[in-house]
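Colleague: One file is attached below, input39.cif, containing mmCIF, C-alpha atoms and all ligand atoms.
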```cif
data_upload
loop_
_atom_site.label_atom_id
_atom_site.label_comp_id
_atom_site.auth_asym_id
_atom_site.auth_seq_id
_atom_site.Cartn_x
_atom_site.Cartn_y
_atom_site.Cartn_z
CA MET A 21 -62.11 -45.14 -16.20
CA PHE A 22 -59.72 -44.04 -13.45
CA LYS A 23 -61.49 -42.99 -10.26
CA LEU A 24 -59.39 -41.82 -7.35
CA SER A 25 -62.14 -42.95 -4.96
CA ALA A 26 -61.72 -46.54 -6.21
CA ILE A 27 -58.02 -46.65 -5.29
CA PRO A 28 -57.50 -48.43 -1.96
CA SER A 29 -55.34 -47.16 0.88
CA LYS A 30 -51.63 -47.05 0.05
CA ASP A 31 -50.55 -46.85 3.66
CA GLY A 32 -46.80 -47.40 3.95
CA LYS A 33 -45.99 -45.86 0.56
CA ILE A 34 -43.90 -42.72 0.15
CA ALA A 35 -44.34 -40.05 -2.53
CA LEU A 36 -42.26 -37.03 -3.40
CA VAL A 37 -44.06 -34.19 -5.19
CA THR A 38 -42.11 -31.21 -6.50
CA GLY A 39 -44.00 -27.90 -6.52
CA ALA A 40 -46.51 -29.37 -4.08
CA ASN A 41 -47.70 -26.04 -2.68
CA ASN A 42 -49.71 -24.82 -5.61
CA GLY A 43 -51.92 -25.66 -8.58
CA LEU A 44 -51.63 -29.21 -9.83
CA GLY A 45 -48.90 -30.19 -7.37
CA TYR A 46 -51.17 -29.18 -4.52
CA GLN A 47 -54.08 -31.20 -5.89
CA THR A 48 -51.83 -34.18 -6.54
CA THR A 49 -50.52 -34.02 -2.97
CA LEU A 50 -54.07 -33.82 -1.66
CA GLY A 51 -55.08 -36.87 -3.72
CA LEU A 52 -52.08 -38.91 -2.56
CA ALA A 53 -52.61 -37.87 1.07
CA LYS A 54 -56.20 -39.12 0.88
CA LYS A 55 -54.75 -42.56 0.09
CA ASP A 56 -52.67 -42.54 3.30
CA ILE A 57 -49.43 -42.02 1.38
CA LEU A 58 -46.68 -40.12 3.19
CA VAL A 59 -46.09 -37.17 0.88
CA ILE A 60 -42.85 -35.21 0.89
CA MET A 61 -43.75 -31.75 -0.35
CA ALA A 62 -40.64 -30.53 -2.17
CA CYS A 63 -41.10 -26.78 -2.43
CA ARG A 64 -38.86 -23.77 -2.90
CA ASN A 65 -40.79 -21.50 -0.54
CA LEU A 66 -41.30 -22.90 2.97
CA GLU A 67 -43.90 -20.33 3.95
CA LYS A 68 -46.10 -21.18 0.96
CA ALA A 69 -45.49 -24.88 1.60
CA ASN A 70 -46.68 -24.55 5.20
CA ILE A 71 -49.86 -22.75 4.13
CA ALA A 72 -50.55 -25.54 1.62
CA LYS A 73 -49.83 -28.24 4.19
CA ASN A 74 -52.25 -26.69 6.68
CA ARG A 75 -54.92 -26.38 3.99
CA ILE A 76 -54.59 -30.09 3.19
CA LEU A 77 -54.65 -31.01 6.89
CA LYS A 78 -57.96 -29.15 7.27
CA GLU A 79 -59.46 -31.32 4.52
CA VAL A 80 -57.61 -34.54 5.39
CA PRO A 81 -56.70 -34.46 9.10
CA LYS A 82 -54.95 -37.85 8.86
CA ALA A 83 -52.69 -36.62 6.02
CA LYS A 84 -49.02 -37.49 6.43
CA LEU A 85 -47.10 -34.54 5.01
CA VAL A 86 -43.48 -33.50 5.33
CA ILE A 87 -42.07 -30.32 3.81
CA MET A 88 -38.58 -30.25 2.36
CA GLN A 89 -36.95 -27.30 0.64
CA VAL A 90 -35.62 -27.50 -2.90
CA ASP A 91 -35.01 -24.97 -5.64
CA LEU A 92 -35.02 -26.81 -8.94
CA ARG A 93 -33.29 -23.87 -10.64
CA SER A 94 -30.12 -24.80 -8.78
CA LEU A 95 -28.22 -28.08 -9.14
CA ALA A 96 -26.54 -27.40 -5.79
CA SER A 97 -29.97 -27.21 -4.14
CA VAL A 98 -31.15 -30.39 -5.89
CA LYS A 99 -28.02 -32.22 -4.72
CA THR A 100 -28.45 -31.05 -1.11
CA PHE A 101 -32.11 -32.04 -1.23
CA ALA A 102 -31.44 -35.50 -2.68
CA ALA A 103 -28.73 -36.23 -0.12
CA ALA A 104 -31.08 -35.24 2.74
CA PHE A 105 -33.89 -37.32 1.25
CA ILE A 106 -31.74 -40.43 0.89
CA LYS A 107 -30.49 -39.99 4.46
CA GLU A 108 -34.04 -39.80 5.81
CA TYR A 109 -35.98 -42.31 3.66
CA LYS A 110 -35.23 -45.84 2.58
CA GLN A 111 -37.86 -46.10 -0.15
CA LEU A 112 -39.50 -43.92 -2.77
CA ASP A 113 -42.66 -45.29 -4.34
CA TYR A 114 -43.83 -42.27 -6.34
CA LEU A 115 -41.61 -39.50 -7.65
CA ILE A 116 -43.88 -36.84 -9.13
CA GLU A 117 -41.86 -34.29 -11.09
CA ASN A 118 -44.47 -31.57 -11.21
CA ALA A 119 -42.81 -28.20 -10.50
CA GLY A 120 -42.70 -25.92 -13.48
CA ILE A 121 -42.58 -22.41 -14.84
CA MET A 122 -43.83 -21.02 -18.14
CA ILE A 123 -42.72 -18.17 -20.39
CA PRO A 124 -40.83 -16.01 -17.86
CA PRO A 125 -38.51 -13.25 -19.10
CA PHE A 126 -35.10 -14.65 -20.04
CA GLN A 127 -32.95 -15.65 -17.12
CA GLN A 128 -29.82 -17.72 -16.97
CA THR A 129 -29.38 -19.83 -13.85
CA GLU A 130 -26.18 -20.18 -11.83
CA ASP A 131 -25.56 -23.44 -13.72
CA GLY A 132 -25.81 -21.70 -17.09
CA PHE A 133 -29.27 -23.04 -17.98
CA GLU A 134 -32.20 -21.11 -19.40
CA SER A 135 -34.59 -20.96 -16.44
CA GLN A 136 -37.46 -23.00 -17.94
CA MET A 137 -35.08 -25.74 -19.02
CA ALA A 138 -33.52 -25.57 -15.53
CA VAL A 139 -36.71 -25.90 -13.47
CA ASN A 140 -38.85 -28.02 -15.78
CA TYR A 141 -36.23 -30.36 -17.11
CA PHE A 142 -32.60 -30.26 -15.90
CA GLY A 143 -33.51 -29.96 -12.20
CA HIS A 144 -35.81 -32.96 -12.48
CA PHE A 145 -33.30 -34.90 -14.59
CA ALA A 146 -30.69 -34.42 -11.87
CA LEU A 147 -33.17 -35.19 -9.10
CA THR A 148 -34.13 -38.50 -10.72
CA GLN A 149 -30.52 -39.52 -11.25
CA LEU A 150 -29.66 -38.74 -7.64
CA LEU A 151 -32.68 -40.65 -6.33
CA LEU A 152 -32.18 -43.70 -8.57
CA PRO A 153 -30.55 -45.72 -5.77
CA LEU A 154 -33.86 -45.49 -3.88
CA LEU A 155 -36.10 -45.82 -6.94
CA ASN A 156 -34.25 -48.88 -8.16
CA THR A 157 -34.60 -50.67 -4.85
CA THR A 158 -38.25 -49.81 -4.17
CA PRO A 159 -40.37 -52.53 -5.78
CA ASN A 160 -42.77 -51.18 -8.45
CA ALA A 161 -41.75 -47.56 -7.89
CA ARG A 162 -43.01 -44.99 -10.40
CA VAL A 163 -41.47 -41.83 -11.78
CA VAL A 164 -44.08 -39.46 -13.21
CA THR A 165 -42.86 -36.57 -15.33
CA LEU A 166 -45.09 -33.64 -16.26
CA SER A 167 -45.38 -32.77 -19.90
CA SER A 168 -47.82 -30.56 -21.73
CA LYS A 169 -49.68 -30.25 -24.99
CA ALA A 170 -46.98 -27.66 -25.70
CA HIS A 171 -44.60 -30.58 -26.40
CA GLU A 172 -46.43 -30.99 -29.70
CA ASN A 173 -44.79 -27.84 -31.11
CA GLY A 174 -41.54 -28.41 -29.25
CA ARG A 175 -38.24 -29.48 -30.78
CA ILE A 176 -35.00 -30.38 -29.02
CA ASN A 177 -32.60 -27.87 -30.49
CA PHE A 178 -29.17 -28.96 -29.27
CA LYS A 179 -27.67 -25.74 -30.64
CA ASN A 180 -30.08 -23.60 -28.64
CA LEU A 181 -30.85 -25.87 -25.66
CA ASN A 182 -30.32 -23.04 -23.18
CA ALA A 183 -31.19 -20.12 -25.44
CA GLU A 184 -27.54 -19.71 -26.46
CA LYS A 185 -28.63 -18.23 -29.79
CA SER A 186 -32.08 -16.77 -29.15
CA TYR A 187 -34.82 -16.76 -26.54
CA LYS A 188 -38.44 -17.19 -27.50
CA PRO A 189 -40.29 -17.92 -24.24
CA MET A 190 -42.88 -20.32 -25.69
CA VAL A 191 -40.30 -22.14 -27.82
CA ALA A 192 -38.17 -22.70 -24.72
CA TYR A 193 -41.20 -23.86 -22.70
CA SER A 194 -42.27 -26.28 -25.44
CA GLN A 195 -38.74 -27.63 -25.68
CA SER A 196 -38.58 -28.14 -21.89
CA LYS A 197 -41.87 -30.02 -21.85
CA LEU A 198 -40.84 -32.18 -24.81
CA ALA A 199 -37.59 -32.88 -22.96
CA CYS A 200 -39.57 -34.07 -19.89
CA LEU A 201 -41.57 -36.44 -22.08
CA MET A 202 -38.55 -37.81 -23.97
CA PHE A 203 -36.76 -38.21 -20.66
CA ALA A 204 -39.61 -40.37 -19.33
CA PHE A 205 -39.56 -42.57 -22.45
CA GLU A 206 -35.77 -42.94 -22.30
CA LEU A 207 -35.84 -43.61 -18.55
CA GLN A 208 -38.37 -46.39 -19.14
CA ARG A 209 -36.12 -47.96 -21.80
CA ARG A 210 -33.26 -47.92 -19.30
CA PHE A 211 -35.40 -49.40 -16.48
CA GLU A 212 -36.41 -52.18 -18.88
CA ALA A 213 -32.85 -52.82 -20.02
CA ASN A 214 -31.86 -53.22 -16.37
CA LYS A 215 -34.87 -55.49 -15.71
CA LEU A 216 -36.12 -53.25 -12.90
CA THR A 217 -39.71 -53.16 -11.67
CA THR A 218 -39.53 -49.35 -11.47
CA ILE A 219 -41.41 -47.63 -14.29
CA ALA A 220 -41.40 -44.18 -15.85
CA VAL A 221 -44.71 -42.66 -16.90
CA SER A 222 -45.65 -39.23 -18.15
CA ALA A 223 -48.74 -37.10 -17.71
CA HIS A 224 -50.16 -33.84 -18.97
CA PRO A 225 -53.06 -31.99 -17.35
CA GLY A 226 -54.64 -30.43 -20.42
CA VAL A 227 -55.19 -26.77 -19.61
CA SER A 228 -56.04 -25.44 -16.17
CA PRO A 229 -56.00 -21.85 -14.90
CA THR A 230 -53.15 -21.82 -12.38
CA ASN A 231 -50.26 -19.52 -11.49
CA LEU A 232 -48.37 -21.07 -14.39
CA PHE A 233 -49.97 -18.44 -16.60
CA LYS A 234 -48.77 -15.46 -14.57
CA HIS A 235 -46.38 -14.33 -17.33
CA LEU A 236 -49.03 -14.46 -20.05
CA PRO A 237 -49.32 -10.97 -21.61
CA ILE A 238 -52.61 -9.15 -21.04
CA TRP A 239 -53.47 -9.11 -24.75
CA LEU A 240 -53.14 -12.90 -24.89
CA ARG A 241 -55.29 -13.28 -21.78
CA VAL A 242 -58.00 -11.25 -23.49
CA LEU A 243 -57.62 -13.25 -26.70
CA THR A 244 -57.83 -16.63 -24.94
CA PHE A 245 -60.62 -15.64 -22.53
CA PRO A 246 -63.42 -17.16 -24.68
CA PHE A 247 -61.63 -20.55 -24.49
CA ILE A 248 -61.72 -20.75 -20.68
CA PRO A 249 -64.82 -23.00 -20.72
CA LEU A 250 -62.73 -25.59 -22.57
CA THR A 251 -60.23 -25.80 -19.68
CA HIS A 252 -60.74 -27.52 -16.33
CA LYS A 253 -60.17 -26.89 -12.63
CA PRO A 254 -56.81 -27.88 -11.05
CA LYS A 255 -58.60 -30.63 -9.09
CA ASN A 256 -59.62 -32.32 -12.35
CA ALA A 257 -56.44 -31.40 -14.19
CA ALA A 258 -54.41 -33.27 -11.54
CA LEU A 259 -56.28 -36.52 -12.25
CA PRO A 260 -54.03 -37.61 -15.15
CA ILE A 261 -51.06 -37.20 -12.78
CA LEU A 262 -52.79 -39.28 -10.11
CA TYR A 263 -53.78 -41.82 -12.75
CA ALA A 264 -50.16 -42.11 -13.90
CA ALA A 265 -49.04 -42.58 -10.29
CA LEU A 266 -51.79 -44.83 -8.93
CA GLY A 267 -53.62 -46.34 -11.91
CA THR A 268 -53.71 -50.13 -11.73
CA ASP A 269 -53.50 -50.61 -15.52
CA ILE A 270 -50.52 -48.30 -16.10
CA ASN A 271 -47.44 -49.65 -17.87
CA GLY A 272 -44.03 -48.06 -18.11
CA GLY A 273 -43.61 -45.61 -20.98
CA GLU A 274 -47.29 -44.68 -21.11
CA TYR A 275 -48.58 -41.13 -21.32
CA CYS A 276 -51.71 -39.98 -19.47
CA GLY A 277 -53.87 -36.95 -20.11
CA PRO A 278 -57.42 -35.68 -20.35
CA THR A 279 -59.47 -37.39 -23.02
CA GLY A 280 -61.94 -34.59 -23.79
CA PHE A 281 -61.99 -32.13 -26.70
CA LYS A 282 -58.44 -31.73 -28.09
CA GLY A 283 -57.08 -33.09 -24.80
CA LEU A 284 -57.71 -29.76 -23.06
CA SER A 285 -59.91 -31.23 -20.35
CA GLY A 286 -62.00 -34.29 -19.60
CA ALA A 287 -61.64 -37.63 -17.88
CA PRO A 288 -58.09 -38.96 -17.45
CA GLY A 289 -56.95 -41.69 -19.81
CA LYS A 290 -54.04 -42.94 -21.85
CA VAL A 291 -53.06 -40.60 -24.66
CA THR A 292 -50.49 -40.56 -27.45
CA ALA A 293 -47.65 -38.08 -27.73
CA GLN A 294 -46.59 -36.51 -31.02
CA LEU A 295 -44.46 -38.85 -33.09
CA HIS A 296 -41.24 -36.87 -32.63
CA ALA A 297 -41.39 -37.45 -28.85
CA TYR A 298 -40.72 -41.15 -29.47
CA ASP A 299 -37.47 -40.49 -31.38
CA GLU A 300 -35.02 -42.78 -29.58
CA GLU A 301 -31.91 -41.24 -31.14
CA VAL A 302 -32.76 -37.71 -29.99
CA SER A 303 -33.78 -39.02 -26.54
CA ALA A 304 -30.50 -40.85 -26.10
CA LYS A 305 -28.52 -37.77 -27.18
CA LEU A 306 -30.56 -35.56 -24.85
CA TRP A 307 -29.78 -37.93 -21.98
CA GLU A 308 -26.08 -37.84 -22.78
CA VAL A 309 -26.03 -34.03 -23.05
CA SER A 310 -28.03 -33.75 -19.81
CA GLU A 311 -25.53 -35.95 -17.99
CA GLU A 312 -22.69 -33.78 -19.26
CA LEU A 313 -24.40 -30.52 -18.33
CA THR A 314 -25.71 -31.57 -14.90
CA LYS A 315 -22.67 -33.72 -14.10
CA VAL A 316 -24.83 -36.22 -12.24
CA ILE A 317 -23.70 -39.52 -13.69
CA LEU A 318 -24.13 -42.38 -11.27
N1 LIG B 1 -51.75 -25.47 -15.70
C1 LIG B 1 -51.73 -25.95 -16.94
O1 LIG B 1 -52.61 -25.67 -17.78
C2 LIG B 1 -50.62 -26.84 -17.37
C3 LIG B 1 -50.64 -27.33 -18.68
C4 LIG B 1 -49.63 -28.19 -19.10
C5 LIG B 1 -48.64 -28.57 -18.22
N2 LIG B 1 -48.63 -28.06 -16.97
C6 LIG B 1 -47.52 -28.47 -16.08
O2 LIG B 1 -48.02 -28.78 -14.81
C7 LIG B 1 -47.02 -28.53 -13.81
C8 LIG B 1 -47.63 -27.76 -12.65
O3 LIG B 1 -48.03 -26.50 -13.11
P1 LIG B 1 -49.20 -25.67 -12.44
O4 LIG B 1 -50.16 -25.34 -13.51
O5 LIG B 1 -49.68 -26.33 -11.21
O6 LIG B 1 -48.40 -24.33 -12.09
P2 LIG B 1 -48.28 -23.49 -10.72
O7 LIG B 1 -49.60 -23.38 -10.07
O8 LIG B 1 -47.56 -22.27 -11.11
O9 LIG B 1 -47.36 -24.42 -9.81
C9 LIG B 1 -46.02 -24.62 -10.13
C10 LIG B 1 -45.29 -25.16 -8.92
O10 LIG B 1 -43.91 -25.28 -9.25
C11 LIG B 1 -43.15 -24.63 -8.23
N3 LIG B 1 -41.86 -24.14 -8.70
C12 LIG B 1 -41.63 -23.17 -9.62
N4 LIG B 1 -40.31 -22.94 -9.71
C13 LIG B 1 -39.70 -23.77 -8.84
C14 LIG B 1 -38.36 -23.99 -8.46
N5 LIG B 1 -37.36 -23.26 -8.97
N6 LIG B 1 -38.09 -24.93 -7.52
C15 LIG B 1 -39.08 -25.63 -6.95
N7 LIG B 1 -40.38 -25.46 -7.25
C16 LIG B 1 -40.69 -24.54 -8.18
C17 LIG B 1 -44.04 -23.48 -7.79
O11 LIG B 1 -43.61 -22.95 -6.57
P3 LIG B 1 -43.99 -21.42 -6.14
O12 LIG B 1 -45.41 -21.47 -5.71
O13 LIG B 1 -43.04 -21.13 -5.05
O14 LIG B 1 -43.78 -20.58 -7.37
C18 LIG B 1 -45.37 -24.21 -7.73
O15 LIG B 1 -45.47 -24.95 -6.55
C19 LIG B 1 -45.90 -27.80 -14.54
O16 LIG B 1 -44.85 -28.71 -14.81
C20 LIG B 1 -46.53 -27.34 -15.84
O17 LIG B 1 -45.60 -27.24 -16.90
C21 LIG B 1 -49.59 -27.22 -16.51
#
```
Mind converting the file's structure to structure tokens?

Modeller:
Amino acid sequence: MFKLSAIPSKDGKIALVTGANNGLGYQTTLGLAKKDILVIMACRNLEKANIAKNRILKEVPKAKLVIMQVDLRSLASVKTFAAAFIKEYKQLDYLIENAGIMIPPFQQTEDGFESQMAVNYFGHFALTQLLLPLLNTTPNARVVTLSSKAHENGRINFKNLNAEKSYKPMVAYSQSKLACLMFAFELQRRFEANKLTTIAVSAHPGVSPTNLFKHLPIWLRVLTFPFIPLTHKPKNAALPILYAALGTDINGGEYCGPTGFKGLSGAPGKVTAQLHAYDEEVSAKLWEVSEELTKVIL
């Protein structure tokens, strides 16, 4: 079983964590910092990022943390960020694509994306593409995308990818999280085809009470309240992410998550996605469409 305490120092390695200031991103950053990894905290709000950084430094005084600003809703911001990152760093060992939003009211971004698809998927798709020159040249680098159990009910609806026809918040969230998973699988196929040592892995945290649920209607909060004991704390929920990033027995294309009841909580392990997530035809089409829409073809 994966134990963070059993992982040796990774001094000299560099990680980039999106949404590092809060919830699972915060816990992942903390875990990586404990292993002497230089962590770039890619956050949209510098004030919140600084508070998080100081909190980590109190617990891990030797932590090597650098804050960089990025708003994943905006392709322009992602491009500026990636250019600054490539200018500053010559390697990237762990790219943790964690930032996410869930079931907000409908919003279209400046790039014409539905906001959940923008932050959860398209922003990270573009970020990965732009950082590939570094990922491809860093031996044994890992890209970890964040999915969710919600992918199980998700479908990639090319006719409604950005809520062109209708907006159902949970449908859009599930689609975005399925897209993250299919992206990881497709990315791995491409790494393999190019005989690279870089791998793509995916993780889901089960369920953990974080700010992600801030848009959940009160009635649903009341309804789901009895199920809270089945969930787990962000510290434990981040373990599948850390396992995907640092686990010594991880292979490209694998999916990590909690192994307890219905995958809601429990010890981190390897899990299986729903069958439709492995559909290579849909993944390849999604990749193509994403390249067209983000216009980041290298
Ligand atoms: N918690 C769960 O039960 C659960 C279950 C399944 C999957 N997940 C996935 O786990 C990941 C982390 O979620 P969480 O539970 O830790 O949620 P969280 O506590 O709300 O943290 C989300 C992080 O993403 C950042 N973020 C949001 N919009 C952004 C943007 N436009 N640009 C850059 N950063 C942005 C947030 O920044 P601000 O603080 O500035 O808003 C925050 O740091 C998400 O991908 C989520 O889908 C979570």

Colleague: What is the atom CA of A:Arg75-atom CA of A:Tyr263 distance in Å, reported with one decimal?

Modeller: 22.8 Å

Colleague: May I ask for the distance between atom CA of A:His296 and atom P1 of ligand LIG 1 (chain B), given in Å to one decimal place?

Modeller: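 Computed distance, atom CA of A:His296 to atom P1 of ligand LIG 1 (chain B), equals 24.4 Å.
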
Colleague: Quick one: distance from atom CA of A:Ile27 to atom CA of A:Gly280 in Å, one decimal?

Modeller: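 Between atom CA of A:Ile27 and atom CA of A:Gly280 the gap works out to 22.4 Å.
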
Colleague: Residues up to 7 Å from ligand LIG 1 (chain B), counting all atoms listed in the file: could you list those as a short mmCIF file (atom, residue, chain, number, x, y, z; two decimals) with C-alpha atoms, in the frame of the given file?

Modeller:
```cif
data_model
loop_
_atom_site.label_atom_id
_atom_site.label_comp_id
_atom_site.auth_asym_id
_atom_site.auth_seq_id
_atom_site.Cartn_x
_atom_site.Cartn_y
_atom_site.Cartn_z
CA THR A 38 -42.11 -31.21 -6.50
CA GLY A 39 -44.00 -27.90 -6.52
CA ALA A 40 -46.51 -29.37 -4.08
CA ASN A 41 -47.70 -26.04 -2.68
CA ASN A 42 -49.71 -24.82 -5.61
CA GLY A 43 -51.92 -25.66 -8.58
CA LEU A 44 -51.63 -29.21 -9.83
CA GLY A 45 -48.90 -30.19 -7.37
CA CYS A 63 -41.10 -26.78 -2.43
CA ARG A 64 -38.86 -23.77 -2.90
CA ASN A 65 -40.79 -21.50 -0.54
CA LYS A 68 -46.10 -21.18 0.96
CA VAL A 90 -35.62 -27.50 -2.90
CA ASP A 91 -35.01 -24.97 -5.64
CA LEU A 92 -35.02 -26.81 -8.94
CA ARG A 93 -33.29 -23.87 -10.64
CA ASN A 118 -44.47 -31.57 -11.21
CA ALA A 119 -42.81 -28.20 -10.50
CA GLY A 120 -42.70 -25.92 -13.48
CA ILE A 121 -42.58 -22.41 -14.84
CA MET A 122 -43.83 -21.02 -18.14
CA VAL A 139 -36.71 -25.90 -13.47
CA ASN A 140 -38.85 -28.02 -15.78
CA LEU A 166 -45.09 -33.64 -16.26
CA SER A 167 -45.38 -32.77 -19.90
CA SER A 168 -47.82 -30.56 -21.73
CA LYS A 169 -49.68 -30.25 -24.99
CA LYS A 197 -41.87 -30.02 -21.85
CA HIS A 224 -50.16 -33.84 -18.97
CA PRO A 225 -53.06 -31.99 -17.35
CA GLY A 226 -54.64 -30.43 -20.42
CA VAL A 227 -55.19 -26.77 -19.61
CA SER A 228 -56.04 -25.44 -16.17
CA PRO A 229 -56.00 -21.85 -14.90
CA THR A 230 -53.15 -21.82 -12.38
CA ASN A 231 -50.26 -19.52 -11.49
CA LEU A 232 -48.37 -21.07 -14.39
#
```

Colleague: Counting only C-alpha atoms, which residue out of A:Pro249, A:Ala161, A:Leu259, A:Lys78 sits closest to A:Thr48?

Modeller: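 Once distances to A:Thr48 are computed over only C-alpha atoms, the minimum belongs to A:Leu259.
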
Colleague: Under the rule that only C-alpha atoms are counted, which of A:Leu295, A:Val59, A:Leu198, A:Met137 is the nearest residue to A:Met88?

Modeller: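 With only C-alpha atoms as the atom set, the closest residue is A:Val59.
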
Colleague: Here's a test: counting only C-alpha atoms, identify every protein, DNA and RNA residue with an atom at most 12 Å from (-34.2, -21.0, -17.6) in the file's coordinate frame, and state them as a PyMOL selection string.

Modeller: chain A and resi 92-94+120-143+181-184+187-193+195-196

Colleague: Counting all atoms listed in the file, note down every residue that has an atom within 12 Å of the point (-48.5, -49.9, -18.0) (file coordinates), as a list in words.

Modeller: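 Within the cut-off we find Asn160, Arg162, Gln208, Thr217, Thr218, Ile219, Ala220, Val221, Ser222, Tyr263, Ala264, Ala265, Leu266, Gly267, Thr268, Asp269, Ile270, Asn271, Gly272, Gly273, Glu274, Tyr275, Cys276, Gly289 and Lys290 of chain A.
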
Colleague: Measuring between only C-alpha atoms, which one of A:Lys253, A:Lys82, A:Arg175, A:Lys55 shows the shortest distance to A:Leu306?

Modeller: A:Arg175

Colleague: For a quick check of understanding, using all atoms listed in the file, which of A:Val37, A:Ile106, A:Leu147, A:Leu250 has the smallest distance to A:Thr314?

Modeller: A:Leu147

Colleague: Using 5 Å of padding on each side, determine the axis-aligned box around all atoms of stretch 189-192 of chain A present in the file and give its centre and edge lengths in Å to one decimal, as lines of an AutoDock Vina configuration file.

Modeller:
```
center_x = -40.5
center_y = -20.3
center_z = -26.0
size_x = 14.7
size_y = 14.8
size_z = 13.6
```

Colleague: Save stretch 238-243 of chain A of the structure in the block above to a file, with all heavy atoms included, as a PDB file, in the first residue's frame.

Modeller:
```pdb
ATOM      1  N   ILE A 238     -28.775  24.192  -0.923  1.00  0.00           N
ATOM      2  CA  ILE A 238     -28.989  23.836   0.495  1.00  0.00           C
ATOM      3  C   ILE A 238     -29.743  22.514   0.621  1.00  0.00           C
ATOM      4  O   ILE A 238     -29.357  21.649   1.417  1.00  0.00           O
ATOM      5  CB  ILE A 238     -29.794  24.951   1.217  1.00  0.00           C
ATOM      6  CG1 ILE A 238     -29.056  26.288   1.148  1.00  0.00           C
ATOM      7  CG2 ILE A 238     -30.100  24.559   2.658  1.00  0.00           C
ATOM      8  CD1 ILE A 238     -27.921  26.468   2.123  1.00  0.00           C
ATOM      9  N   TRP A 239     -30.798  22.341  -0.196  1.00  0.00           N
ATOM     10  CA  TRP A 239     -31.612  21.125  -0.049  1.00  0.00           C
ATOM     11  C   TRP A 239     -30.786  19.863  -0.287  1.00  0.00           C
ATOM     12  O   TRP A 239     -30.958  18.857   0.382  1.00  0.00           O
ATOM     13  CB  TRP A 239     -32.845  21.169  -0.975  1.00  0.00           C
ATOM     14  CG  TRP A 239     -32.529  21.160  -2.451  1.00  0.00           C
ATOM     15  CD1 TRP A 239     -32.361  22.236  -3.257  1.00  0.00           C
ATOM     16  CD2 TRP A 239     -32.320  20.009  -3.288  1.00  0.00           C
ATOM     17  NE1 TRP A 239     -32.061  21.851  -4.543  1.00  0.00           N
ATOM     18  CE2 TRP A 239     -32.038  20.478  -4.597  1.00  0.00           C
ATOM     19  CE3 TRP A 239     -32.346  18.635  -3.079  1.00  0.00           C
ATOM     20  CZ2 TRP A 239     -31.773  19.625  -5.669  1.00  0.00           C
ATOM     21  CZ3 TRP A 239     -32.089  17.789  -4.158  1.00  0.00           C
ATOM     22  CH2 TRP A 239     -31.810  18.291  -5.425  1.00  0.00           C
ATOM     23  N   LEU A 240     -29.798  19.976  -1.207  1.00  0.00           N
ATOM     24  CA  LEU A 240     -28.958  18.818  -1.507  1.00  0.00           C
ATOM     25  C   LEU A 240     -27.954  18.583  -0.371  1.00  0.00           C
ATOM     26  O   LEU A 240     -27.596  17.450  -0.050  1.00  0.00           O
ATOM     27  CB  LEU A 240     -28.231  19.042  -2.839  1.00  0.00           C
ATOM     28  CG  LEU A 240     -27.769  17.797  -3.583  1.00  0.00           C
ATOM     29  CD1 LEU A 240     -28.885  16.770  -3.738  1.00  0.00           C
ATOM     30  CD2 LEU A 240     -27.216  18.161  -4.950  1.00  0.00           C
ATOM     31  N   ARG A 241     -27.514  19.693   0.232  1.00  0.00           N
ATOM     32  CA  ARG A 241     -26.615  19.557   1.393  1.00  0.00           C
ATOM     33  C   ARG A 241     -27.308  18.791   2.504  1.00  0.00           C
ATOM     34  O   ARG A 241     -26.725  17.921   3.145  1.00  0.00           O
ATOM     35  CB  ARG A 241     -26.207  20.926   1.924  1.00  0.00           C
ATOM     36  CG  ARG A 241     -25.171  21.587   1.057  1.00  0.00           C
ATOM     37  CD  ARG A 241     -24.900  22.993   1.528  1.00  0.00           C
ATOM     38  NE  ARG A 241     -24.396  23.759   0.417  1.00  0.00           N
ATOM     39  CZ  ARG A 241     -23.343  24.550   0.469  1.00  0.00           C
ATOM     40  NH1 ARG A 241     -22.693  24.696   1.581  1.00  0.00           N
ATOM     41  NH2 ARG A 241     -22.934  25.194  -0.585  1.00  0.00           N
ATOM     42  N   VAL A 242     -28.575  19.154   2.721  1.00  0.00           N
ATOM     43  CA  VAL A 242     -29.351  18.500   3.792  1.00  0.00           C
ATOM     44  C   VAL A 242     -29.524  17.020   3.450  1.00  0.00           C
ATOM     45  O   VAL A 242     -29.302  16.138   4.278  1.00  0.00           O
ATOM     46  CB  VAL A 242     -30.729  19.194   3.951  1.00  0.00           C
ATOM     47  CG1 VAL A 242     -31.618  18.432   4.934  1.00  0.00           C
ATOM     48  CG2 VAL A 242     -30.537  20.643   4.404  1.00  0.00           C
ATOM     49  N   LEU A 243     -29.862  16.772   2.184  1.00  0.00           N
ATOM     50  CA  LEU A 243     -30.119  15.404   1.730  1.00  0.00           C
ATOM     51  C   LEU A 243     -28.874  14.522   1.840  1.00  0.00           C
ATOM     52  O   LEU A 243     -28.958  13.329   2.154  1.00  0.00           O
ATOM     53  CB  LEU A 243     -30.590  15.458   0.269  1.00  0.00           C
ATOM     54  CG  LEU A 243     -31.611  14.431  -0.166  1.00  0.00           C
ATOM     55  CD1 LEU A 243     -32.928  14.652   0.581  1.00  0.00           C
ATOM     56  CD2 LEU A 243     -31.862  14.558  -1.676  1.00  0.00           C
TER      57      LEU A 243
END
```
